[in-house]
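Peer 1: Pasting a structure below so you can have a look.
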Amino acid sequence: REASEKQPLTGIAISHPAPGQGGGTNQDRVFIDLNPAHPYILVADGIRGRKETSFGGDAAQIVVDSMKNVVKTWDFKRGHGIRPMSELTQTAFKAANEAVGEAGTRGPKKKGMGAAAALVVPVPTEEGPVVTVGSRGNVSVIIRELEKGRVGVKRITLEDTVLRQRVEKGELTVADAEDPKDEETRSARGVLNDAVMGQEWVPLAGQIMRENGYRKRQLFYIPVTPGAWVLVMTDG
C-alpha cells in the first residue's frame, strides 16, 4: 500500500514454491491486513512433516490463522512501546506454536510439521513510525527507506539455518555455502535451526544471543522514516 499520513509504510510479501519441495506445491501462506489503524503482515513457510507426506501448507495456515486471532483481538490501547509490542509478538508466536503442536498429534504423518514465520506490525509513536518484527526460521524481513536523502536498504532478520551457522563458525565460506554445484550445501540450504514446530515453548530472542560464535535474534523494534517499505520473503 502506498504511504500516506495514516499509512506511513508500504508492505510487500513474496512467496514461491521451492523446486522439488512439497511435491511442487506452494506451502507458503501470506496474510496482509491493510486496516489503517493497525496494519500487519504475516508470512509462514511450511515444513512438511514426515518425509513421505506434505503437510507444510497445513502448518503454515495454522500459524497464520493463530497469529491473526491474536493480533485481531489484541488491545492496542496498552500502547505502542517496545514492551507491549514485544508482548504481542511473543503471544502470537506462542499461540501458533501451541496450535501446530496440537495439530501434530492428529496423526503420525503430521508429526514434525511446522513453519518458518514472520510477523510484522508497524505502529505510530510520538517519535515517529516503528516496525515490530518477530521471526523464526528463514523468513527475511528487509526495510527500504530514505536516509538523509538517499535510499537505504537493510536486512532486519538473521536467517536461522544450519548453513549460516556453519559460515559464522568458520566451517564454510560464503562462497561454499552459496555454490549451487556443491551437493552437500545445496541439500542443506533449507535446513533450519528453529521454526514454529509445536515443541516446548522458548520465547523469541529479543537481543543478539551468541551460541558458540553463532548469532541469533528473533524480535526487533525498529524506528523507520515515513514512506518506508517493508519487504517480507520466504526462503531467506
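Order determines the names: the first chain of the C-alpha cells is A, the second B, and so forth; residues in each chain are numbered 1 upward, and ligands are numbered 1 upward as they are shown.
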What are the nearest atom pairs, with distances in Å to one decimal, for all residues of stretch 71-118 of chain A that come at most 12 Å from stretch 25-32 of chain A, using only C-alpha atoms, set out by chain and rising residue number as CSV?

Peer 2:
```
residue,atom,partner,partner_atom,distance
A:Val71,CA,A:Ile32,CA,11.9
A:Met113,CA,A:Gln27,CA,11.4
A:Gly114,CA,A:Gln27,CA,10.7
A:Ala115,CA,A:Asp28,CA,8.7
A:Ala116,CA,A:Asp28,CA,9.3
A:Ala117,CA,A:Arg29,CA,9.3
A:Ala118,CA,A:Val30,CA,9.9
```

Peer 1: Now that the selection is made, can you save its residues with N, CA, C and O atoms as a CSV table (one decimal), in the first residue's frame?

Peer 2:
```
chain,number,residue,atom,x,y,z
A,71,VAL,N,-3.6,-11.0,16.9
A,71,VAL,CA,-3.5,-9.6,16.6
A,71,VAL,C,-4.9,-9.0,16.5
A,71,VAL,O,-5.0,-7.8,17.0
A,113,MET,N,5.6,-31.6,11.4
A,113,MET,CA,5.3,-30.4,10.5
A,113,MET,C,5.4,-29.1,11.3
A,113,MET,O,5.3,-29.1,12.5
A,114,GLY,N,5.6,-28.1,10.6
A,114,GLY,CA,5.8,-26.8,11.2
A,114,GLY,C,5.9,-25.7,10.1
A,114,GLY,O,5.6,-25.9,9.0
A,115,ALA,N,6.5,-24.5,10.5
A,115,ALA,CA,6.6,-23.5,9.6
A,115,ALA,C,7.7,-22.4,10.1
A,115,ALA,O,7.7,-22.2,11.3
A,116,ALA,N,8.4,-21.9,9.2
A,116,ALA,CA,9.2,-20.7,9.4
A,116,ALA,C,8.1,-19.6,9.3
A,116,ALA,O,7.2,-19.7,8.5
A,117,ALA,N,8.3,-18.5,10.1
A,117,ALA,CA,7.3,-17.5,10.1
A,117,ALA,C,7.8,-16.1,10.5
A,117,ALA,O,8.9,-16.0,11.1
A,118,ALA,N,7.1,-15.1,10.0
A,118,ALA,CA,7.4,-13.7,10.4
A,118,ALA,C,6.1,-12.9,10.6
A,118,ALA,O,5.2,-13.1,9.9
```

Peer 1: Return as a PyMOL selection string the full set of residues in stretch 4-234 of chain A whose backbone-based DSSP assignment is helix (DSSP H, G or I).

Peer 2: chain A and resi 22-24+56-73+76-78+82-103+108-110+162-168+174-178+183-188

Peer 1: Find the residues near stretch 138-152 of chain A: any atom within 9 Å, counting only C-alpha atoms, skip ones fewer than 3 places away on the same chain, and give them as a PyMOL selection string.

Peer 2: chain A and resi 43-45+116-118+120+133+135+155-161+190+192+194-195+224-236

Peer 1: With N, CA, C and O atoms kept, could you save the residues just selected as a compact mmCIF listing (two decimals), in the first residue's frame?

Peer 2:
```
# COMPACT_ATOMS: atom_id res chain seq x y z
N VAL A 43 3.65 -13.94 7.31
CA VAL A 43 4.16 -14.86 6.30
C VAL A 43 4.61 -16.14 6.99
O VAL A 43 5.31 -16.08 8.01
N ALA A 44 4.20 -17.28 6.45
CA ALA A 44 4.64 -18.57 7.00
C ALA A 44 5.03 -19.49 5.85
O ALA A 44 4.34 -19.56 4.83
N ASP A 45 6.13 -20.19 6.02
CA ASP A 45 6.67 -21.11 5.02
C ASP A 45 6.65 -22.51 5.62
O ASP A 45 7.39 -22.80 6.56
N ALA A 116 8.43 -21.92 9.15
CA ALA A 116 9.17 -20.69 9.41
C ALA A 116 8.15 -19.56 9.29
O ALA A 116 7.21 -19.65 8.51
N ALA A 117 8.31 -18.51 10.08
CA ALA A 117 7.27 -17.49 10.09
C ALA A 117 7.82 -16.12 10.46
O ALA A 117 8.86 -16.01 11.12
N ALA A 118 7.09 -15.09 10.02
CA ALA A 118 7.41 -13.72 10.41
C ALA A 118 6.12 -12.95 10.61
O ALA A 118 5.15 -13.12 9.85
N VAL A 120 5.02 -8.89 11.11
CA VAL A 120 5.49 -7.51 11.02
C VAL A 120 4.33 -6.58 11.34
O VAL A 120 3.29 -6.61 10.68
N VAL A 133 9.07 -6.56 14.55
CA VAL A 133 9.27 -7.75 13.73
C VAL A 133 9.56 -8.94 14.63
O VAL A 133 10.44 -8.88 15.49
N SER A 135 10.37 -13.17 14.13
CA SER A 135 10.72 -14.11 13.07
C SER A 135 11.30 -15.38 13.65
O SER A 135 12.07 -15.35 14.61
N ARG A 155 18.67 -5.36 5.89
CA ARG A 155 18.03 -6.62 6.28
C ARG A 155 17.92 -6.66 7.80
O ARG A 155 18.89 -6.41 8.51
N ILE A 156 16.74 -7.00 8.29
CA ILE A 156 16.49 -6.98 9.72
C ILE A 156 16.73 -8.35 10.35
O ILE A 156 17.41 -8.47 11.35
N THR A 157 16.16 -9.38 9.78
CA THR A 157 16.21 -10.70 10.40
C THR A 157 17.51 -11.43 10.08
O THR A 157 18.17 -11.16 9.08
N LEU A 158 17.86 -12.36 10.95
CA LEU A 158 19.02 -13.23 10.75
C LEU A 158 18.51 -14.61 10.35
O LEU A 158 17.73 -15.22 11.08
N GLU A 159 18.93 -15.08 9.20
CA GLU A 159 18.49 -16.38 8.72
C GLU A 159 18.97 -17.48 9.66
O GLU A 159 20.18 -17.65 9.85
N ASP A 160 18.04 -18.20 10.26
CA ASP A 160 18.40 -19.19 11.27
C ASP A 160 18.50 -20.57 10.63
O ASP A 160 17.67 -21.45 10.84
N THR A 161 19.55 -20.75 9.84
CA THR A 161 19.76 -22.00 9.12
C THR A 161 21.08 -22.64 9.52
O THR A 161 21.99 -21.99 10.05
N GLY A 190 17.94 -25.59 2.99
CA GLY A 190 16.67 -25.31 3.65
C GLY A 190 16.55 -25.89 5.05
O GLY A 190 15.46 -25.88 5.63
N LEU A 192 16.65 -25.81 8.84
CA LEU A 192 16.54 -24.72 9.82
C LEU A 192 17.00 -25.16 11.20
O LEU A 192 16.87 -26.31 11.58
N ASP A 194 15.64 -23.45 13.73
CA ASP A 194 14.49 -23.10 14.55
C ASP A 194 13.30 -22.82 13.65
O ASP A 194 13.46 -22.36 12.52
N ALA A 195 12.10 -23.11 14.14
CA ALA A 195 10.87 -22.83 13.41
C ALA A 195 9.71 -22.99 14.40
O ALA A 195 9.90 -23.35 15.55
N VAL A 224 11.49 3.73 11.92
CA VAL A 224 11.66 3.90 10.48
C VAL A 224 11.17 5.30 10.09
O VAL A 224 10.47 5.96 10.85
N THR A 225 11.52 5.72 8.88
CA THR A 225 11.06 7.00 8.38
C THR A 225 9.72 6.83 7.67
O THR A 225 9.45 5.77 7.09
N PRO A 226 8.84 7.86 7.71
CA PRO A 226 7.58 7.77 6.95
C PRO A 226 7.87 7.51 5.48
O PRO A 226 8.80 8.05 4.90
N GLY A 227 7.07 6.63 4.88
CA GLY A 227 7.28 6.26 3.48
C GLY A 227 8.15 5.04 3.29
O GLY A 227 8.45 4.66 2.17
N ALA A 228 8.59 4.42 4.39
CA ALA A 228 9.44 3.23 4.29
C ALA A 228 8.68 2.06 3.67
O ALA A 228 7.45 1.99 3.75
N TRP A 229 9.42 1.17 3.04
CA TRP A 229 8.87 -0.07 2.51
C TRP A 229 9.36 -1.23 3.38
O TRP A 229 10.52 -1.25 3.81
N VAL A 230 8.47 -2.20 3.61
CA VAL A 230 8.86 -3.42 4.32
C VAL A 230 8.64 -4.59 3.38
O VAL A 230 7.54 -4.81 2.87
N LEU A 231 9.70 -5.33 3.12
CA LEU A 231 9.66 -6.49 2.21
C LEU A 231 9.84 -7.75 3.05
O LEU A 231 10.80 -7.86 3.81
N VAL A 232 8.91 -8.69 2.91
CA VAL A 232 8.96 -9.95 3.65
C VAL A 232 9.03 -11.10 2.63
O VAL A 232 8.18 -11.19 1.75
N MET A 233 10.05 -11.96 2.74
CA MET A 233 10.26 -13.02 1.75
C MET A 233 10.52 -14.36 2.42
O MET A 233 11.23 -14.42 3.43
N THR A 234 9.96 -15.41 1.88
CA THR A 234 10.26 -16.75 2.37
C THR A 234 11.57 -17.24 1.77
O THR A 234 12.11 -16.65 0.83
N ASP A 235 12.07 -18.34 2.32
CA ASP A 235 13.30 -18.98 1.85
C ASP A 235 14.49 -18.05 1.87
O ASP A 235 15.35 -18.09 0.99
N GLY A 236 14.57 -17.21 2.92
CA GLY A 236 15.75 -16.37 3.09
C GLY A 236 15.88 -15.28 2.03
O GLY A 236 16.88 -14.62 1.95
```

Peer 1: I'd like a table as a tab-separated table: residues in stretch 138-225 of chain A with an atom no more than 12 Å from stretch 86-101 of chain A, each row giving the shortest atom pair and its distance in Å to one decimal, only C-alpha atoms counted, sorted by chain and rising residue number.

Peer 2:
```
residue	atom	partner	partner_atom	distance
A:Asp194	CA	A:Asn97	CA	11.7
A:Ala195	CA	A:Asn97	CA	9.0
A:Val196	CA	A:Asn97	CA	5.3
A:Met197	CA	A:Asn97	CA	6.1
A:Gly198	CA	A:Gly101	CA	3.5
A:Gln199	CA	A:Gly101	CA	6.5
A:Glu200	CA	A:Asn97	CA	8.5
A:Trp201	CA	A:Lys94	CA	6.7
A:Val202	CA	A:Lys94	CA	8.4
A:Pro203	CA	A:Gln90	CA	6.5
A:Leu204	CA	A:Gln90	CA	6.6
A:Ala205	CA	A:Gln90	CA	9.7
A:Gly206	CA	A:Ser86	CA	8.3
A:Gln207	CA	A:Ser86	CA	11.8
A:Gln218	CA	A:Gln90	CA	10.1
A:Leu219	CA	A:Ser86	CA	7.4
A:Phe220	CA	A:Ser86	CA	8.2
A:Tyr221	CA	A:Ser86	CA	7.9
A:Ile222	CA	A:Ser86	CA	11.6
```

Peer 1: Using only C-alpha atoms, pick whichever of A:Lys216, A:His38, A:Lys72, A:Arg78 has the shortest atom-to-atom distance to A:Arg164.

Peer 2: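 Using only C-alpha atoms, the shortest distance to A:Arg164 belongs to A:Lys216.
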
Peer 1: Quick one: DSSP strand (DSSP E or B) residues in stretch 29-155 of chain A, as a VMD selection string?

Peer 2: chain A and resid 29 to 33 40 to 48 113 to 123 130 to 136 140 to 147 150 to 155

Peer 1: Considering only C-alpha atoms, can you say which of A:Ala175, A:Val121, A:Val153, A:Ile47 comes closest to A:Phe76?

Peer 2: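 Among the listed residues, A:Val121 lies closest to A:Phe76.
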
Peer 1: Take atom CA of A:Pro223 and atom CA of A:Gly128 and report the distance between them in Å, one decimal.

Peer 2: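 Atom CA of A:Pro223 sits 7.1 Å away from atom CA of A:Gly128.
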
Peer 1: Hey, which of A:Ala177, A:Ile82, A:Ala103, A:Val167 ends up closest to A:Val63? Count only C-alpha atoms.

Peer 2: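 Result for the nearest residue to A:Val63: A:Ala103.
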